[in-house]
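Engineer: Next up is a structure, given as structure tokens.
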Amino acid sequence: MLSRELKDKIKRKINYFKLILSGETKHLKREINIPKKWLGNDYGGFFVATDFIDENSVVYSFGIGEDISFDLEVIKKYNANVYGFDPTPKSVKWISDQILPEKFRFYDFGISDKSGPATFYFPKNPDFVSGSVVEQSNIDLENGIDVQLKTLDDTAHFLGHQKIDILKIDIEGSEYNVLENIVKSDLFIGQILIEFHDRFFENGKERTLRVLKILKEKGFIIFGISETFDEVSFINKNLIKK
């Protein structure tokens, strides 16, 4: 009898080939072949360009939820400095109950295209953890709380960083506005790891295409794509040239 893990792996592979054959993901293509490794579990992981991470690296991880498998593996394998951010009440409570390594620091604010308070809407399904500050299909607009958000520039200034080696963003549909703001920053960013939530919006694919164009114009190219085509990893071309 097949194990559940093996069944899930087979199912992911089948869905992967279905997506390729459907043509729905043809806008997502790897543009460079560099050494990379999947860090974290199947649900919360991302591809990371392994030649550009070490014990001095600064990793920003926006959108923690109740899964820090990515963050813990980054620390375990590379001893990098990870800064986690999430204003979600369930996430804040969950983090407070964890035994965390010294190199993981958590902050209970989120990222946005402007700094200040915002309404955070809870998911329609109470079993889910992650809500959003933008209107999308999975949130309950009648159920929200005020949270604090900061731009990437203000976050880096707050923490005293001039560069970010890895920027991980999993923020339930808010990534589109945030990314358009991030590319305007003067901060040097080595890698950007994004979970795209175009499935939450009627015009989701158009939003993703716009962000892909903006990132490419800024010098970021795709080096890794997950089997679901949701998690996409970009590297700064200037980093490769160094």
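In the structure tokens, each chain is lettered A, B, ... as it comes, each chain's residues begin at 1, and ligands are numbered from 1 in order of appearance.
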Counting only C-alpha atoms, what is within 8 Å of A:Gln162, bar same-chain residues fewer than 5 positions away, as a list in words?
Structural biologist: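 Here the answer would be Ala156, His157, Leu187 and Phe188 of chain A.
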Engineer: Enumerate, in order of chain and increasing residue number, the residues of stretch 140-232 of chain A with an atom no farther than 10 Å from stretch 28-49 of chain A, each with its shortest atom pair and distance in Å to one decimal, counting only C-alpha atoms, as CSV.
Structural biologist:
```
residue,atom,partner,partner_atom,distance
A:Ile166,CA,A:Val48,CA,8.4
A:Lys168,CA,A:Phe46,CA,8.5
A:Asp170,CA,A:Gly44,CA,8.9
A:Gly190,CA,A:Ala49,CA,9.6
A:Gln191,CA,A:Ala49,CA,7.8
A:Ile192,CA,A:Val48,CA,9.2
A:Leu193,CA,A:Phe46,CA,6.8
A:Ile194,CA,A:Phe46,CA,8.2
A:Glu195,CA,A:Phe46,CA,8.6
A:Thr208,CA,A:Leu28,CA,9.6
A:Leu209,CA,A:Leu28,CA,9.1
A:Leu212,CA,A:Leu28,CA,8.8
A:Phe220,CA,A:Glu31,CA,9.9
A:Ile221,CA,A:Glu31,CA,6.1
A:Ile222,CA,A:Arg30,CA,5.1
A:Phe223,CA,A:Arg30,CA,5.2
A:Gly224,CA,A:Phe47,CA,5.7
A:Ile225,CA,A:Arg30,CA,7.1
A:Ser226,CA,A:Phe46,CA,7.3
A:Glu227,CA,A:Asp42,CA,9.4
A:Thr228,CA,A:Asp42,CA,9.9
A:Phe229,CA,A:Leu28,CA,7.6
A:Asp230,CA,A:Leu28,CA,9.7
A:Glu231,CA,A:Phe46,CA,6.3
A:Val232,CA,A:Phe46,CA,7.5
```
Engineer: What's the 10 Å shell around stretch 214-219 of chain A, counting only C-alpha atoms, without same-chain residues fewer than 5 positions away, as a ChimeraX atom specification?
Structural biologist: /A:179-180,182-184,192,208-209,234-239
Engineer: Rank A:Lys77, A:Gly65, A:Gln98, A:Tyr107 by their smallest atom-to-atom distance to A:Leu159, using only C-alpha atoms, and report the top residue only.
Structural biologist: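 Of A:Lys77, A:Gly65, A:Gln98, A:Tyr107, the one nearest A:Leu159, counting only C-alpha atoms, is A:Tyr107.
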Engineer: Name the residues of stretch 54-193 of chain A that fall into helix (DSSP H, G or I) according to DSSP on the backbone, using the chain letters and numbers of this document, as a ChimeraX atom specification.
Structural biologist: /A:69-78,89-96,152-159,175-182
Engineer: Let's have the selection written as a PDB file, in the first residue's frame, with C-alpha atoms.
Structural biologist:
```pdb
ATOM      1  CA  SER A  69       9.754  25.238   8.007  1.00  0.00           C
ATOM      2  CA  PHE A  70      11.413  27.508   5.431  1.00  0.00           C
ATOM      3  CA  ASP A  71      12.888  29.802   8.064  1.00  0.00           C
ATOM      4  CA  LEU A  72      14.186  26.988  10.248  1.00  0.00           C
ATOM      5  CA  GLU A  73      15.857  25.209   7.325  1.00  0.00           C
ATOM      6  CA  VAL A  74      17.525  28.439   6.203  1.00  0.00           C
ATOM      7  CA  ILE A  75      18.994  28.753   9.686  1.00  0.00           C
ATOM      8  CA  LYS A  76      19.864  25.061  10.044  1.00  0.00           C
ATOM      9  CA  LYS A  77      21.641  24.732   6.705  1.00  0.00           C
ATOM     10  CA  TYR A  78      23.216  28.191   6.342  1.00  0.00           C
ATOM     11  CA  PRO A  89      -3.292  37.118  15.657  1.00  0.00           C
ATOM     12  CA  LYS A  90      -3.184  33.325  15.243  1.00  0.00           C
ATOM     13  CA  SER A  91       0.355  33.560  13.917  1.00  0.00           C
ATOM     14  CA  VAL A  92       1.509  35.846  16.734  1.00  0.00           C
ATOM     15  CA  LYS A  93       0.035  33.454  19.307  1.00  0.00           C
ATOM     16  CA  TRP A  94       1.520  30.400  17.567  1.00  0.00           C
ATOM     17  CA  ILE A  95       4.983  31.945  17.393  1.00  0.00           C
ATOM     18  CA  SER A  96       4.849  32.816  21.093  1.00  0.00           C
ATOM     19  CA  LEU A 152      10.062  47.494   3.059  1.00  0.00           C
ATOM     20  CA  ASP A 153      12.179  50.658   3.289  1.00  0.00           C
ATOM     21  CA  ASP A 154      10.751  51.529   6.708  1.00  0.00           C
ATOM     22  CA  THR A 155      11.241  47.943   7.901  1.00  0.00           C
ATOM     23  CA  ALA A 156      14.880  47.903   6.799  1.00  0.00           C
ATOM     24  CA  HIS A 157      15.463  51.308   8.410  1.00  0.00           C
ATOM     25  CA  PHE A 158      13.824  50.055  11.624  1.00  0.00           C
ATOM     26  CA  LEU A 159      16.163  47.044  11.690  1.00  0.00           C
ATOM     27  CA  GLU A 175       1.984  40.877  -2.959  1.00  0.00           C
ATOM     28  CA  TYR A 176       0.914  42.793  -6.044  1.00  0.00           C
ATOM     29  CA  ASN A 177       0.757  46.255  -4.453  1.00  0.00           C
ATOM     30  CA  VAL A 178       3.760  45.508  -2.279  1.00  0.00           C
ATOM     31  CA  LEU A 179       5.995  44.417  -5.156  1.00  0.00           C
ATOM     32  CA  GLU A 180       5.239  47.513  -7.186  1.00  0.00           C
ATOM     33  CA  ASN A 181       6.379  49.533  -4.186  1.00  0.00           C
ATOM     34  CA  ILE A 182       9.457  47.378  -3.526  1.00  0.00           C
TER      35      ILE A 182
END
```
Engineer: Suppose you want the space between atom CA of A:Asp113 and atom CA of A:Glu66; what is it in Å?
Structural biologist: 24.0 Å
Engineer: Among stretch 59-106 of chain A, which residues does DSSP mark as strand (DSSP E) when it is run on the backbone? Keep the chain and numbering as in the structure and answer as a PyMOL selection string.
Structural biologist: chain A and resi 59-62+81-85+104-106
Engineer: Please report the interatomic distance between atom CA of A:Ile240 and atom CA of A:Ile53 in Å with one decimal.
Structural biologist: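 We find that atom CA of A:Ile240 and atom CA of A:Ile53 lie 12.6 Å from each other.
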Engineer: Point out the residue among A:Ile189, A:Ile68, A:Asp165, A:Phe85 with the least atom-to-atom distance to A:Asp54, counting only C-alpha atoms.
Structural biologist: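 Using only C-alpha atoms, A:Asp54 sits closest to A:Asp165.
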Engineer: For atom CA of A:Ile111 and atom CA of A:Ala80, quote the distance in Å rounded to one decimal.
Structural biologist: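 Going from atom CA of A:Ile111 over to atom CA of A:Ala80, I get 21.0 Å.
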